[in-house]
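Enquirer: Quick one: the structure is below, and I'll ask about it shortly.
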Amino acid sequence: LEALTNEVRVTVFFDRTDPAYPAVRALLREYEAASRRIRVREVDYPLDPAAAEAFRREQQLEPAGSRPDLVLFESGGFRKVVPARELSEYDHAALLRGETEVRPVAFRSEALFTSAIHTVLEGRPRRVLFLAGHREHDPASDAPQTGYRQLADLLAQDNAQVGTLNLAAAGEVPRDCELLIVAGAQDVLSPRELVALGNYLRQGGRLLVLLRPRAVTGLEPLLAEWGVSAPDSLVLDPENTEGGLVQLGAFGGHPITRPLRGSRLLLVQPRLVAARDPGAGAG
């Protein structure tokens with residue numbers, strides 16, 4: 001927020017009697033305090049129907065439903081709407097326990113608001129593709145353990161346009177792909193696909209490779225060219241293994257692992273991935 005150079009306009013379109021309103025407004029006051037580029041206005045639609053209708057027409061919003069509350073972010077002609085229903089996570093399991101009321105258990109406004117600011121400042125969404133055709137994890141699936149829908153949703157929240165790529169059919173990675181994810185391929189990629197991936201990387205493309213244990217995909221020589229060793233080997237740590245799961249509890253100071261401090265990470269058959277000695281041979 002302190003580094004913002006463009007103005008971001010925020011409209012709080014809310015019923016002030018809504019239980020979520022105090023938390024939303026308090027958080028946006030913190031944003032305003034952190035940056036003079038953040039401009040917040042409020043439209044209390046029950047008290048000012050005329051202003052509410054003008055706002056809907058101006059923003060070409062759909063007709064109000066049972067809960068029209070939202071927060072709108074705008075900058076440079078781009079906008080992002082955060083509906084009130086997305087601000088909280090609810091304990092839906094309460095219904096299974098026989099309770100009649102579904103209570104919020106987490107408040108997600110900060111993550112959504114920050115993502116919205118990134119979205120309107122960047123303008124053009126970034127294109128992120130998942131490689132398909134080799135029995136990878138499906139970014140459209142909610143299946144437990146194997147579906148990657150949650151990852152795709154997180155990327156979409158961060159201004160990414162998520163899709164899939166069948167490289168065997170396309171022949172090359174699209175030029176506007178800013179990140180290609182290989183999410184646990186189980187089948188071997190063809191030589192033609194590997195050449196396309198190599199060309200993509202040499203042209204400045206970014207590749208996120210997630211490797212399954214005991215799966216040889218043909219990516220290993222390509223990764224070796226870029227200084228990554230990924231042998232078909234498992235990481236064993238008898239002192240920190242319980243029930244077949246390797247438990248991690250000590251994390252370094254790297255920006256990726258820093259948020260994990262104080263938590264435990266359970267790994268199922270972790271595969272060895274290491275920096276490759278630049279002086280090693282191609283084999």
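By convention in this document, the chains of the structure tokens carry letters A, B, ... by their order, each chain's residues are numbered from 1, and ligands are numbered from 1 in the order they are shown.
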Hey, what does DSSP flag as helix (DSSP H, G or I) within segment 44-269 of chain A? Can you give it to me as a VMD selection string?
Expert: chain A and resid 49 to 59 84 to 86 93 to 96 109 to 122 149 to 157 167 to 170 191 to 202 219 to 225 238 to 240 258 to 260
Enquirer: Which is closest to Gly76 of chain A among A:Asp153, A:Glu32, A:Asp158, A:Glu122, if we use only C-alpha atoms?
Expert: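 Among A:Asp153, A:Glu32, A:Asp158, A:Glu122, it is A:Glu122 that comes nearest to Gly76 of chain A.
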Enquirer: Residues within 9 Å of Glu2 of chain A, please, as a ChimeraX atom specification. Count only C-alpha atoms; anything in the same chain fewer than 2 positions from it doesn't count.
Expert: /A:4-5,34-37
Enquirer: Near Leu266 of chain A, within 9 Å and counting only C-alpha atoms, which residues show up once chain neighbours fewer than 6 positions away are dropped, as a PDB file with C-alpha atoms, in the first residue's frame?
Expert:
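Saved the output as result05.pdb:
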ATOM      1  CA  LEU A 245       3.913 -39.326   6.612  1.00  0.00           C
ATOM      2  CA  VAL A 246       7.053 -37.227   6.829  1.00  0.00           C
ATOM      3  CA  GLN A 247       6.386 -34.290   9.171  1.00  0.00           C
ATOM      4  CA  LEU A 248       8.072 -30.940   8.725  1.00  0.00           C
TER       5      LEU A 248
END
Enquirer: Can I get the residues of segment 176-241 of chain A within 6 Å of segment 126-149 of chain A, each with the closest pair of atoms and their distance in Å to one decimal, using only C-alpha atoms, sorted chain first then ascending number, as a Markdown table?
Expert:
| residue | atom | partner | partner_atom | distance |
| --- | --- | --- | --- | --- |
| A:Cys177 | CA | A:Arg127 | CA | 5.1 |
| A:Glu178 | CA | A:Arg127 | CA | 5.7 |
| A:Leu179 | CA | A:Val128 | CA | 4.9 |
| A:Leu180 | CA | A:Leu129 | CA | 5.0 |
| A:Ile181 | CA | A:Phe130 | CA | 4.7 |
| A:Val182 | CA | A:Leu131 | CA | 5.3 |
| A:Ala183 | CA | A:Glu136 | CA | 5.4 |
| A:Gly184 | CA | A:Glu136 | CA | 5.1 |
| A:Ala185 | CA | A:Glu136 | CA | 4.4 |
| A:Gln186 | CA | A:Arg135 | CA | 5.6 |
| A:Asp187 | CA | A:His134 | CA | 4.8 |
Enquirer: Got time to write the residues from that selection, N, CA, C and O atoms, as a compact mmCIF listing (two decimals), in the first residue's frame?
Expert:
# COMPACT_ATOMS: atom_id res chain seq x y z
N CYS A 177 1.12 -16.85 -22.32
CA CYS A 177 1.09 -17.66 -21.10
C CYS A 177 2.22 -17.20 -20.18
O CYS A 177 3.40 -17.33 -20.53
N GLU A 178 1.87 -16.66 -19.02
CA GLU A 178 2.89 -16.17 -18.09
C GLU A 178 3.36 -17.23 -17.11
O GLU A 178 4.39 -17.07 -16.46
N LEU A 179 2.59 -18.31 -16.98
CA LEU A 179 3.00 -19.42 -16.12
C LEU A 179 2.33 -20.68 -16.62
O LEU A 179 1.11 -20.71 -16.82
N LEU A 180 3.11 -21.73 -16.80
CA LEU A 180 2.59 -23.04 -17.16
C LEU A 180 2.83 -23.99 -15.99
O LEU A 180 3.97 -24.10 -15.51
N ILE A 181 1.78 -24.65 -15.54
CA ILE A 181 1.86 -25.55 -14.38
C ILE A 181 1.73 -26.99 -14.84
O ILE A 181 0.77 -27.34 -15.52
N VAL A 182 2.71 -27.80 -14.49
CA VAL A 182 2.64 -29.24 -14.73
C VAL A 182 2.30 -29.87 -13.38
O VAL A 182 3.17 -30.03 -12.52
N ALA A 183 1.04 -30.19 -13.19
CA ALA A 183 0.54 -30.59 -11.87
C ALA A 183 0.48 -32.12 -11.74
O ALA A 183 -0.57 -32.74 -11.88
N GLY A 184 1.64 -32.72 -11.49
CA GLY A 184 1.66 -34.15 -11.19
C GLY A 184 1.35 -35.04 -12.38
O GLY A 184 0.53 -35.95 -12.27
N ALA A 185 2.00 -34.81 -13.51
CA ALA A 185 1.80 -35.68 -14.68
C ALA A 185 2.18 -37.11 -14.34
O ALA A 185 3.15 -37.36 -13.61
N GLN A 186 1.42 -38.06 -14.89
CA GLN A 186 1.71 -39.48 -14.65
C GLN A 186 2.22 -40.19 -15.89
O GLN A 186 2.80 -41.27 -15.80
N ASP A 187 1.98 -39.60 -17.07
CA ASP A 187 2.41 -40.22 -18.32
C ASP A 187 3.60 -39.46 -18.90
O ASP A 187 3.81 -38.28 -18.61
Enquirer: Mind checking which residues fall within 8 Å of Phe78 of chain A, counting only C-alpha atoms, ignoring those fewer than 4 positions away in the same chain, and posting them as a ChimeraX atom specification?
Expert: /A:74,120-121,123
Enquirer: Using backbone DSSP assignments, extract all strand (DSSP E) residues from segment 12-84 of chain A; output them as a list of chain:residue names.
Expert: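 Answer for segment 12-84 of chain A, restricted to strand (DSSP E): A:Val12, A:Phe13, A:Ile38, A:Arg39, A:Val40, A:Arg41, A:Glu42, A:Val43, A:Leu70, A:Val71, A:Leu72, A:Phe73, A:Glu74, A:Ser75, A:Phe78, A:Arg79, A:Lys80, A:Val81, A:Val82, A:Pro83.
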Enquirer: From the list A:Ala20, A:Val173, A:Leu28, A:Leu167, which residue is nearest Tyr200 of chain A when using only C-alpha atoms?
Expert: A:Val173
Enquirer: For Leu260 of chain A, find every residue with an atom within 10 Å (counting only C-alpha atoms), except residues of its own chain fewer than 3 positions away, and show them as a PyMOL selection string.
Expert: chain A and resi 248-253+255-257+263-265
Enquirer: Go ahead and save the picked residues with N, CA and C atoms, as a PDB file, in the first residue's frame.
Expert:
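Produced file result25.pdb, reproduced below:
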ATOM      1  N   LEU A 248       7.148 -32.068   8.697  1.00  0.00           N
ATOM      2  CA  LEU A 248       8.072 -30.940   8.725  1.00  0.00           C
ATOM      3  C   LEU A 248       7.567 -29.911   9.726  1.00  0.00           C
ATOM      4  N   GLY A 249       8.466 -29.413  10.572  1.00  0.00           N
ATOM      5  CA  GLY A 249       8.076 -28.402  11.541  1.00  0.00           C
ATOM      6  C   GLY A 249       9.064 -27.256  11.637  1.00  0.00           C
ATOM      7  N   ALA A 250      10.211 -27.396  10.961  1.00  0.00           N
ATOM      8  CA  ALA A 250      11.236 -26.348  10.995  1.00  0.00           C
ATOM      9  C   ALA A 250      11.378 -25.758   9.595  1.00  0.00           C
ATOM     10  N   PHE A 251      11.112 -24.476   9.480  1.00  0.00           N
ATOM     11  CA  PHE A 251      11.151 -23.809   8.181  1.00  0.00           C
ATOM     12  C   PHE A 251      12.125 -22.641   8.236  1.00  0.00           C
ATOM     13  N   GLY A 252      12.803 -22.414   7.133  1.00  0.00           N
ATOM     14  CA  GLY A 252      13.801 -21.353   7.082  1.00  0.00           C
ATOM     15  C   GLY A 252      13.185 -19.985   6.887  1.00  0.00           C
ATOM     16  N   GLY A 253      14.033 -19.014   6.567  1.00  0.00           N
ATOM     17  CA  GLY A 253      13.586 -17.636   6.445  1.00  0.00           C
ATOM     18  C   GLY A 253      13.241 -17.212   5.034  1.00  0.00           C
ATOM     19  N   PRO A 255      11.103 -16.282   1.785  1.00  0.00           N
ATOM     20  CA  PRO A 255       9.738 -15.724   1.705  1.00  0.00           C
ATOM     21  C   PRO A 255       8.659 -16.764   1.455  1.00  0.00           C
ATOM     22  N   ILE A 256       9.001 -17.882   0.776  1.00  0.00           N
ATOM     23  CA  ILE A 256       8.001 -18.915   0.514  1.00  0.00           C
ATOM     24  C   ILE A 256       7.670 -19.692   1.781  1.00  0.00           C
ATOM     25  N   THR A 257       8.683 -19.990   2.591  1.00  0.00           N
ATOM     26  CA  THR A 257       8.455 -20.834   3.761  1.00  0.00           C
ATOM     27  C   THR A 257       8.189 -20.049   5.041  1.00  0.00           C
ATOM     28  N   SER A 263       3.822 -24.010  12.071  1.00  0.00           N
ATOM     29  CA  SER A 263       2.842 -25.000  11.635  1.00  0.00           C
ATOM     30  C   SER A 263       3.553 -26.309  11.308  1.00  0.00           C
ATOM     31  N   ARG A 264       2.762 -27.321  10.984  1.00  0.00           N
ATOM     32  CA  ARG A 264       3.317 -28.607  10.586  1.00  0.00           C
ATOM     33  C   ARG A 264       2.871 -28.907   9.169  1.00  0.00           C
ATOM     34  N   LEU A 265       3.790 -29.447   8.381  1.00  0.00           N
ATOM     35  CA  LEU A 265       3.483 -29.834   7.014  1.00  0.00           C
ATOM     36  C   LEU A 265       3.692 -31.340   6.896  1.00  0.00           C
TER      37      LEU A 265
END
Enquirer: Neighbours of Ala230 of chain A within 9 Å (only C-alpha atoms; same-chain residues fewer than 2 positions away dropped), as a PDB file with C-alpha atoms, in the first residue's frame?
Expert:
ATOM      1  CA  LEU A 211       6.315 -34.172  -9.466  1.00  0.00           C
ATOM      2  CA  LEU A 219      10.780 -33.841 -17.794  1.00  0.00           C
ATOM      3  CA  GLU A 220      13.855 -34.835 -15.825  1.00  0.00           C
ATOM      4  CA  PRO A 221      16.467 -34.061 -18.559  1.00  0.00           C
ATOM      5  CA  LEU A 223      14.855 -29.795 -15.615  1.00  0.00           C
ATOM      6  CA  ALA A 224      18.526 -30.780 -15.475  1.00  0.00           C
ATOM      7  CA  VAL A 228      17.246 -28.841 -11.208  1.00  0.00           C
ATOM      8  CA  ASP A 232      13.260 -40.988  -9.020  1.00  0.00           C
ATOM      9  CA  SER A 233      14.133 -41.058  -5.315  1.00  0.00           C
ATOM     10  CA  ARG A 271      10.263 -36.879  -3.894  1.00  0.00           C
ATOM     11  CA  LEU A 272      13.808 -35.541  -3.947  1.00  0.00           C
ATOM     12  CA  VAL A 273      14.290 -32.260  -5.820  1.00  0.00           C
ATOM     13  CA  ALA A 274      17.622 -30.480  -5.533  1.00  0.00           C
ATOM     14  CA  ALA A 275      19.827 -27.876  -7.149  1.00  0.00           C
ATOM     15  CA  ARG A 276      22.017 -29.543  -9.734  1.00  0.00           C
TER      16      ARG A 276
END
Enquirer: Would you please work out which residue, of A:Val8, A:Gln203, A:Asp176, A:Asn240, is nearest to Ala116 of chain A when using only C-alpha atoms?
Expert: A:Val8
